[in-house]
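Peer 1: This is the content of my_file.csv (CSV, C-alpha atoms and all ligand atoms):
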```csv
chain,number,residue,atom,x,y,z
K,1,MET,CA,-18.5,2.8,-14.6
K,2,PRO,CA,-16.7,0.9,-17.3
K,3,ASP,CA,-18.2,-2.5,-18.1
K,4,ASN,CA,-14.8,-4.1,-18.4
K,5,SER,CA,-14.1,-4.2,-14.6
K,6,GLY,CA,-11.8,-7.0,-13.4
K,7,PRO,CA,-13.0,-10.5,-12.9
K,8,ALA,CA,-14.5,-12.2,-9.9
K,9,ILE,CA,-12.3,-14.8,-8.1
K,10,ALA,CA,-13.6,-17.8,-6.1
K,11,PHE,CA,-11.4,-20.0,-3.9
K,12,GLU,CA,-13.2,-23.3,-3.2
K,13,ARG,CA,-11.8,-25.3,-0.3
K,14,VAL,CA,-8.3,-24.6,-1.7
K,15,THR,CA,-5.6,-26.7,0.1
K,16,LYS,CA,-1.9,-26.9,-0.7
K,17,ARG,CA,0.0,-29.7,0.9
K,18,TYR,CA,3.7,-30.1,0.1
K,19,ALA,CA,5.5,-33.4,-0.1
K,20,ASP,CA,7.1,-32.9,3.3
K,21,GLY,CA,3.6,-32.7,4.9
K,22,THR,CA,3.5,-28.9,5.2
K,23,ILE,CA,0.0,-27.6,4.8
K,24,ALA,CA,0.7,-24.2,3.4
K,25,VAL,CA,-3.0,-23.4,2.6
K,26,ASP,CA,-5.7,-25.2,4.5
K,27,ALA,CA,-9.2,-25.4,2.9
K,28,VAL,CA,-9.6,-21.8,2.1
K,29,SER,CA,-13.0,-20.7,0.6
K,30,LEU,CA,-13.7,-17.2,-0.3
K,31,ALA,CA,-15.1,-15.0,-3.0
K,32,VAL,CA,-13.5,-11.8,-4.3
K,33,GLU,CA,-15.8,-9.3,-5.9
K,34,PRO,CA,-15.0,-8.0,-9.4
K,35,GLY,CA,-13.0,-4.8,-9.3
K,36,SER,CA,-12.2,-5.0,-5.7
K,37,PHE,CA,-8.8,-4.4,-3.9
K,38,VAL,CA,-8.1,-7.2,-1.4
K,39,ALA,CA,-5.0,-7.3,0.8
K,40,LEU,CA,-3.6,-10.5,2.3
K,41,VAL,CA,-1.7,-10.1,5.5
K,42,GLY,CA,-0.3,-12.4,8.2
K,43,ALA,CA,2.9,-13.7,9.7
K,44,SER,CA,5.7,-15.1,7.6
K,45,GLY,CA,4.9,-18.6,6.5
K,46,SER,CA,1.1,-18.2,7.0
K,47,GLY,CA,0.4,-19.1,3.4
K,48,LYS,CA,-0.2,-15.8,1.7
K,49,SER,CA,2.1,-16.2,-1.3
K,50,THR,CA,1.0,-19.8,-1.8
K,51,LEU,CA,-2.7,-18.8,-1.9
K,52,LEU,CA,-2.0,-15.9,-4.3
K,53,LYS,CA,0.0,-18.2,-6.6
K,54,THR,CA,-2.9,-20.6,-7.0
K,55,VAL,CA,-4.6,-17.9,-9.0
K,56,ASN,CA,-2.0,-17.9,-11.8
K,57,ARG,CA,-1.1,-21.5,-11.4
K,58,LEU,CA,2.4,-21.0,-10.1
K,59,VAL,CA,1.0,-23.3,-7.4
K,60,VAL,CA,-1.4,-26.1,-8.1
K,61,PRO,CA,-3.8,-26.9,-5.2
K,62,SER,CA,-3.6,-30.4,-3.7
K,63,GLU,CA,-7.4,-30.1,-3.2
K,64,GLY,CA,-10.1,-27.6,-4.1
K,65,ARG,CA,-10.1,-25.2,-7.0
K,66,VAL,CA,-9.8,-21.6,-8.0
K,67,LEU,CA,-12.3,-19.9,-10.4
K,68,ILE,CA,-11.9,-16.7,-12.4
K,69,ASP,CA,-15.3,-15.4,-13.5
K,70,GLY,CA,-16.6,-18.9,-12.9
K,71,VAL,CA,-14.0,-20.7,-15.0
K,72,ASP,CA,-11.5,-23.1,-13.3
K,73,VAL,CA,-8.0,-21.8,-13.7
K,74,SER,CA,-6.8,-25.3,-14.4
K,75,GLU,CA,-8.6,-25.3,-17.7
K,76,GLY,CA,-6.6,-24.4,-20.8
K,77,ALA,CA,-2.9,-23.5,-21.1
K,78,ALA,CA,-1.1,-21.7,-18.2
K,79,TRP,CA,0.4,-19.1,-20.6
K,80,GLN,CA,-3.1,-18.1,-21.8
K,81,LEU,CA,-4.3,-17.7,-18.2
K,82,ARG,CA,-1.2,-15.6,-17.3
K,83,ARG,CA,-1.6,-13.3,-20.2
K,84,ARG,CA,-4.8,-12.1,-18.6
K,85,ILE,CA,-3.2,-11.6,-15.1
K,86,GLY,CA,-0.6,-9.0,-14.2
K,87,TYR,CA,1.9,-10.4,-11.6
K,88,VAL,CA,4.1,-8.1,-9.6
K,89,PHE,CA,6.6,-9.5,-7.1
K,90,GLN,CA,9.6,-8.3,-5.1
K,91,ASN,CA,12.7,-7.9,-7.2
K,92,ILE,CA,10.8,-8.4,-10.3
K,93,GLY,CA,12.9,-10.1,-13.0
K,94,LEU,CA,13.6,-7.6,-15.8
K,95,PHE,CA,15.7,-8.7,-18.7
K,96,PRO,CA,19.1,-7.1,-18.1
K,97,HIS,CA,20.1,-6.7,-21.8
K,98,LEU,CA,16.8,-5.1,-22.9
K,99,THR,CA,16.0,-1.5,-22.4
K,100,VAL,CA,13.2,-0.2,-20.2
K,101,ALA,CA,11.0,0.2,-23.3
K,102,GLN,CA,11.8,-3.2,-24.6
K,103,ASN,CA,11.1,-4.8,-21.2
K,104,ILE,CA,7.7,-3.1,-21.0
K,105,ALA,CA,6.9,-3.9,-24.6
K,106,LEU,CA,7.8,-7.6,-24.3
K,107,PRO,CA,4.2,-8.8,-23.4
K,108,LEU,CA,2.9,-6.6,-26.2
K,109,ARG,CA,5.3,-8.2,-28.7
K,110,LEU,CA,4.2,-11.7,-27.6
K,111,ASP,CA,0.7,-10.4,-28.4
K,112,GLY,CA,1.9,-9.4,-31.9
K,113,ARG,CA,1.8,-5.7,-31.0
K,114,ASN,CA,4.7,-3.3,-31.0
K,115,ASP,CA,3.2,-0.1,-29.7
K,116,ARG,CA,5.6,2.7,-28.6
K,117,ALA,CA,2.6,4.9,-27.7
K,118,ARG,CA,1.4,2.2,-25.3
K,119,VAL,CA,4.9,2.0,-23.7
K,120,ASP,CA,4.9,5.8,-23.2
K,121,ALA,CA,1.4,5.6,-21.6
K,122,LEU,CA,2.6,2.9,-19.2
K,123,LEU,CA,5.7,4.9,-18.3
K,124,ASP,CA,3.4,7.7,-17.5
K,125,THR,CA,1.1,5.5,-15.4
K,126,VAL,CA,3.9,4.4,-13.2
K,127,GLU,CA,5.3,8.0,-13.1
K,128,LEU,CA,8.6,7.3,-14.9
K,129,PRO,CA,10.0,10.0,-17.3
K,130,ASP,CA,10.2,9.0,-21.0
K,131,SER,CA,13.9,9.8,-20.8
K,132,LEU,CA,14.5,6.5,-19.0
K,133,ALA,CA,13.0,4.4,-21.8
K,134,SER,CA,16.3,3.7,-23.5
K,135,ARG,CA,18.2,2.8,-20.3
K,136,THR,CA,18.9,-0.8,-19.2
K,137,PRO,CA,17.7,-2.0,-15.8
K,138,ALA,CA,21.2,-1.8,-14.3
K,139,GLU,CA,21.0,2.0,-15.0
K,140,LEU,CA,18.0,2.4,-12.8
K,141,SER,CA,17.4,2.7,-9.0
K,142,GLY,CA,15.6,-0.2,-7.3
K,143,GLY,CA,12.4,1.9,-7.1
K,144,GLN,CA,12.5,2.7,-10.8
K,145,ARG,CA,13.1,-0.9,-11.6
K,146,GLN,CA,10.1,-1.9,-9.6
K,147,ARG,CA,8.0,0.7,-11.4
K,148,VAL,CA,9.1,-0.8,-14.7
K,149,GLY,CA,8.0,-4.2,-13.4
K,150,VAL,CA,4.6,-2.8,-12.6
K,151,ALA,CA,4.4,-1.2,-16.1
K,152,ARG,CA,5.3,-4.5,-17.7
K,153,ALA,CA,2.6,-6.3,-15.6
K,154,LEU,CA,0.0,-3.8,-16.9
K,155,ALA,CA,1.1,-3.9,-20.5
K,156,THR,CA,-1.6,-6.3,-21.8
K,157,ASP,CA,-4.2,-4.4,-19.8
K,158,PRO,CA,-5.1,-7.2,-17.5
K,159,GLY,CA,-8.3,-7.0,-15.4
K,160,LEU,CA,-6.6,-8.8,-12.6
K,161,LEU,CA,-3.4,-7.8,-10.8
K,162,LEU,CA,-1.7,-10.1,-8.3
K,163,MET,CA,1.0,-8.4,-6.2
K,164,ASP,CA,3.3,-10.3,-3.8
K,165,GLU,CA,5.1,-7.8,-1.6
K,166,PRO,CA,5.4,-5.5,-4.6
K,167,PHE,CA,6.9,-2.6,-2.7
K,168,GLY,CA,8.8,-4.5,0.0
K,169,ALA,CA,12.3,-3.5,-1.0
K,170,LEU,CA,11.5,0.2,-1.7
K,171,ASP,CA,12.2,3.3,0.4
K,172,PRO,CA,9.1,4.6,2.2
K,173,VAL,CA,8.5,7.6,-0.1
K,174,THR,CA,8.7,5.5,-3.3
K,175,ARG,CA,6.6,2.9,-1.6
K,176,GLU,CA,3.9,5.4,-0.8
K,177,SER,CA,3.8,7.0,-4.3
K,178,LEU,CA,3.9,3.7,-6.2
K,179,GLY,CA,1.2,2.4,-3.9
K,180,GLN,CA,-1.0,5.4,-4.5
K,181,ALA,CA,-0.5,5.0,-8.3
K,182,ILE,CA,-1.7,1.4,-8.0
K,183,VAL,CA,-4.7,2.5,-5.9
K,184,ARG,CA,-5.6,5.2,-8.5
K,185,LEU,CA,-5.3,2.7,-11.4
K,186,GLN,CA,-7.3,0.1,-9.6
K,187,ARG,CA,-10.2,2.6,-9.0
K,188,GLU,CA,-10.1,4.1,-12.5
K,189,ARG,CA,-10.0,0.7,-14.3
K,190,ARG,CA,-11.9,-1.2,-11.6
K,191,LEU,CA,-9.1,-3.8,-11.6
K,192,THR,CA,-9.4,-6.8,-9.3
K,193,VAL,CA,-6.3,-6.6,-7.1
K,194,LEU,CA,-5.0,-9.2,-4.7
K,195,MET,CA,-2.0,-7.9,-2.8
K,196,VAL,CA,0.2,-9.8,-0.3
K,197,THR,CA,1.9,-7.4,2.2
K,198,HIS,CA,3.7,-7.6,5.5
K,199,ASP,CA,2.7,-4.1,6.2
K,200,MET,CA,-0.7,-3.8,7.9
K,201,ALA,CA,-0.7,0.0,7.4
K,202,GLU,CA,-0.4,-0.5,3.7
K,203,ALA,CA,-3.2,-3.1,3.7
K,204,LEU,CA,-5.5,-0.8,5.8
K,205,LEU,CA,-4.8,2.3,3.6
K,206,ASP,CA,-4.9,0.7,0.1
K,207,ALA,CA,-7.4,-2.2,0.3
K,208,ALA,CA,-11.2,-2.3,0.7
K,209,ARG,CA,-11.0,-5.7,2.3
K,210,VAL,CA,-8.2,-7.3,4.4
K,211,LEU,CA,-7.7,-11.0,4.8
K,212,VAL,CA,-5.6,-12.1,7.7
K,213,MET,CA,-3.9,-15.5,7.4
K,214,GLU,CA,-2.6,-17.8,10.1
K,215,ARG,CA,-1.2,-21.3,9.5
K,216,GLY,CA,-2.8,-21.6,6.1
K,217,ARG,CA,-6.3,-20.4,7.1
K,218,VAL,CA,-8.1,-17.1,6.8
K,219,VAL,CA,-8.7,-16.0,10.4
K,220,ALA,CA,-10.1,-12.6,9.6
K,221,ASP,CA,-11.9,-11.2,6.6
K,222,THR,CA,-13.1,-7.7,7.0
K,223,THR,CA,-12.8,-4.0,6.1
K,224,PRO,CA,-10.0,-1.7,7.2
K,225,ALA,CA,-12.6,0.3,9.2
K,226,ALA,CA,-13.7,-2.8,11.1
K,227,LEU,CA,-10.1,-3.7,11.9
K,228,ILE,CA,-9.4,-0.1,13.1
K,229,ALA,CA,-12.5,-0.4,15.3
K,230,GLY,CA,-11.0,-3.4,17.0
K,231,GLU,CA,-12.8,-6.2,15.2
K,232,GLY,CA,-11.3,-9.3,13.4
K,233,GLY,CA,-10.0,-11.2,16.4
K,234,ASP,CA,-6.7,-11.5,18.2
K,235,THR,CA,-4.3,-12.2,15.3
K,236,ALA,CA,-5.7,-9.3,13.3
K,237,GLN,CA,-5.6,-7.0,16.3
K,238,ALA,CA,-2.0,-7.9,17.0
K,239,LEU,CA,-1.1,-6.8,13.5
K,240,VAL,CA,-3.2,-3.6,13.7
K,241,ALA,CA,-1.5,-2.7,17.0
K,242,VAL,CA,1.8,-1.8,15.3
K,243,PRO,CA,0.6,1.0,13.0
K,244,ARG,CA,-1.9,2.1,15.6
K,245,ALA,CA,0.9,2.6,18.2
K,246,GLN,CA,3.1,4.4,15.7
K,247,ALA,CA,0.3,6.7,14.7
K,248,GLU,CA,-0.5,7.5,18.3
K,249,ARG,CA,3.2,8.2,19.0
K,250,ILE,CA,3.5,10.5,16.0
K,251,ALA,CA,0.2,12.3,17.0
K,252,ALA,CA,1.7,12.8,20.5
K,253,LEU,CA,4.9,14.2,19.0
K,254,ALA,CA,2.8,16.6,16.9
K,255,ARG,CA,1.0,17.8,20.0
K,256,GLY,CA,4.4,18.4,21.6
K,257,GLN,CA,4.1,15.6,24.1
K,258,THR,CA,6.9,13.0,24.5
G,1,LIG,N1,8.0,-25.7,-2.1
G,1,LIG,C1,7.7,-25.8,-0.8
G,1,LIG,N2,7.9,-27.0,-0.2
G,1,LIG,C2,7.6,-27.2,1.1
G,1,LIG,N3,7.0,-26.2,1.9
G,1,LIG,C3,6.8,-25.0,1.2
G,1,LIG,C4,7.1,-24.7,-0.1
G,1,LIG,N4,6.8,-23.5,-0.4
G,1,LIG,C5,6.3,-22.9,0.7
G,1,LIG,N5,6.3,-23.8,1.7
G,1,LIG,C6,5.8,-23.6,3.1
G,1,LIG,O1,4.5,-23.3,3.0
G,1,LIG,C7,4.2,-22.3,4.1
G,1,LIG,C8,3.5,-21.1,3.5
G,1,LIG,O2,4.5,-20.4,2.7
G,1,LIG,P1,4.2,-19.0,2.0
G,1,LIG,O3,5.3,-18.6,1.2
G,1,LIG,O4,2.9,-19.2,1.3
G,1,LIG,O5,4.0,-18.1,3.3
G,1,LIG,P2,3.9,-16.5,3.3
G,1,LIG,O6,2.8,-16.2,4.3
G,1,LIG,O7,3.8,-15.9,1.9
G,1,LIG,O8,5.3,-16.1,4.0
G,1,LIG,P3,6.2,-14.8,3.8
G,1,LIG,O9,5.4,-13.7,4.4
G,1,LIG,O10,7.4,-15.1,4.6
G,1,LIG,O11,6.5,-14.7,2.3
G,1,LIG,C9,5.5,-22.1,4.8
G,1,LIG,O12,5.6,-22.9,6.0
G,1,LIG,C10,6.5,-22.5,3.8
G,1,LIG,O13,7.7,-22.9,4.4
```
Taking this structure as input, can you express it in the form of structure tokens?
Peer 2:
Amino acid sequence: MPDNSGPAIAFERVTKRYADGTIAVDAVSLAVEPGSFVALVGASGSGKSTLLKTVNRLVVPSEGRVLIDGVDVSEGAAWQLRRRIGYVFQNIGLFPHLTVAQNIALPLRLDGRNDRARVDALLDTVELPDSLASRTPAELSGGQRQRVGVARALATDPGLLLMDEPFGALDPVTRESLGQAIVRLQRERRLTVLMVTHDMAEALLDAARVLVMERGRVVADTTPAALIAGEGGDTAQALVAVPRAQAERIAALARGQT
């Protein structure tokens, strides 16, 4: 096991209250193990993205604090913090006038590196052919663009990856293959991954731990196996019911029943 596994994250009574009184995150405390894959699920508006963004300081908590390997994220400059954290979100912003290779290399250049071999390795990681390296983002499909975004997020070799609906806009086949690529990478490098998703099936299949949020609070915090076994409470089970029913209907079809 490499000793450079991802960092531990601790949320300590993290609350985010907006000026209009909305409590997006309500006194959340939890610890994320180094090198673990944690999914955040829950209804729209339950606070998933807000909680995720407290880690890279895109959101500053009203109360409480977030620690990475024991150090409060509010210490030091935000850009230094973000350099150590890969961040993937839906419709990731690529620079339209830069090529794929230049987009991926951007964080490396900010680090004073200009490493074409590294870009090629990152293209390989996200399963994109080298032939796309000289294209601009407009010359790619949506799924290819999202893969470039993932490659760019991984460029500085961060130990921590934050993903906010990373595959939401993708077709199911691309979604599955990119998801599997991330899972392989997470296991190989022991990355700490926090992934917000609307898709409970994706959470159950990719993550080792699933947090279910409701109205700013974590109402279930357990393993996929426990969720499948019916644990985690009503909110969690309502979310599990969807992929379960689909799986049962597909199994019935496979058996020739209607
Ligand atoms: N800048 C803001 N000002 C006021 N309220 C906000 C702001 N940003 C988010 N909120 C509110 O905070 C709550 C949590 O939002 P958040 O984006 O974290 O939810 P989410 O679970 O990620 O939702 P979704 O699945 O739809 O992305 C929502 O009620 C939202 O309207």
Peer 1: From the options K:Thr235, K:Pro243, K:Gln144, K:Gly21, which residue's atoms come nearest to K:Asp171, counting all atoms listed in the file?
Peer 2: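 For K:Asp171, the nearest of the given residues is K:Gln144.
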Peer 1: Could you give me the residues within 10 Å of ligand LIG 1 (chain G), counting all atoms listed in the file, as a PyMOL selection string?
Peer 2: chain K and resi 16-25+40-53+59+164-165+196-198+212-216
Peer 1: Here is a test: counting only C-alpha atoms, which residue of K:Glu139, K:Val218, K:Asp115, K:Ile92 is nearest to K:Gly168?
Peer 2: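 The shortest atom-to-atom distance to K:Gly168 comes from K:Ile92.
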Peer 1: So how many Å separate atom CA of K:Ala39 and atom CA of K:Met195, to one decimal?
Peer 2: 4.7 Å
Peer 1: Name all residues at most 8 Å from K:Gly93 (count all atoms listed in the file; drop same-chain ones fewer than 2 positions away) and give them as an MDAnalysis selection string.
Peer 2: chainID K and resid 91 95 149
Peer 1: Taking only C-alpha atoms into account, name the residue in K:Ala151, K:Leu253, K:Val240, K:Val28 that is nearest to K:Asp124.
Peer 2: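 Comparing K:Ala151, K:Leu253, K:Val240, K:Val28 against K:Asp124, the winner is K:Ala151.
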Peer 1: Rounded to one decimal in Å, what is the spacing between atom CA of K:Gly230 and atom CA of K:Leu204?
Peer 2: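 One can read the atom CA of K:Gly230 to atom CA of K:Leu204 distance as 12.7 Å.
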Peer 1: Would you mind listing, for every residue of stretch 136-243 of chain K within 8 Å of stretch 97-111 of chain K, the two atoms forming the shortest contact and the distance between them in Å to one decimal, using only C-alpha atoms, sorted by chain and ascending residue number, as CSV?
Peer 2:
```
residue,atom,partner,partner_atom,distance
K:Thr136,CA,K:Thr99,CA,4.4
K:Pro137,CA,K:Val100,CA,6.5
K:Val148,CA,K:Ile104,CA,6.9
K:Gly149,CA,K:Ile104,CA,7.7
K:Ala151,CA,K:Ile104,CA,6.2
K:Arg152,CA,K:Ile104,CA,4.3
K:Ala155,CA,K:Pro107,CA,6.5
K:Thr156,CA,K:Leu108,CA,6.3
```
Peer 1: Just to confirm, what's the straight-line distance from atom CA of K:Arg175 to atom CA of K:Glu33 in Å (one decimal)?
Peer 2: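 Distance reported for this atom pair: 25.9 Å.
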Peer 1: Go ahead and fit an axis-aligned box to every listed atom of stretch 182-201 of chain K plus 5 Å each side, and pass me the centre and edge lengths in Å, one decimal, as JSON.
Peer 2:
```
{"center_x": -4.1, "center_y": -2.3, "center_z": -3.2, "size_x": 25.6, "size_y": 25.0, "size_z": 32.2}
```
Peer 1: So, counting only C-alpha atoms, which residue among K:Leu205, K:Gly256, K:Gly6, K:Ala236 is closest to K:Pro224?
Peer 2: K:Leu205
Peer 1: Kindly indicate which residue among K:Ser36, K:Thr223, K:Ser134, K:Thr192 lies nearest to K:Gly86, using only C-alpha atoms for the distances.
Peer 2: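 Answer, going by the shortest atom-to-atom distance: K:Thr192.
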Peer 1: So that I can see what lies close to K:Glu176, please list as JSON, numbers by chain the residues with an atom at most 12 Å from it, counting only C-alpha atoms and leaving out residues fewer than 3 positions away in the same chain.
Peer 2: {"K": [143, 166, 167, 168, 170, 171, 172, 173, 179, 180, 181, 182, 183, 199, 201, 202, 203, 205, 206]}
Peer 1: With all atoms listed in the file as the counted atoms, please give the residues lying no more than 7 Å from K:Ile85, apart from itself and same-chain residues fewer than 3 positions off, as a list in words.
Peer 2: Leu81, Arg82, Pro158, Gly159, Leu160 and Leu161 of chain K
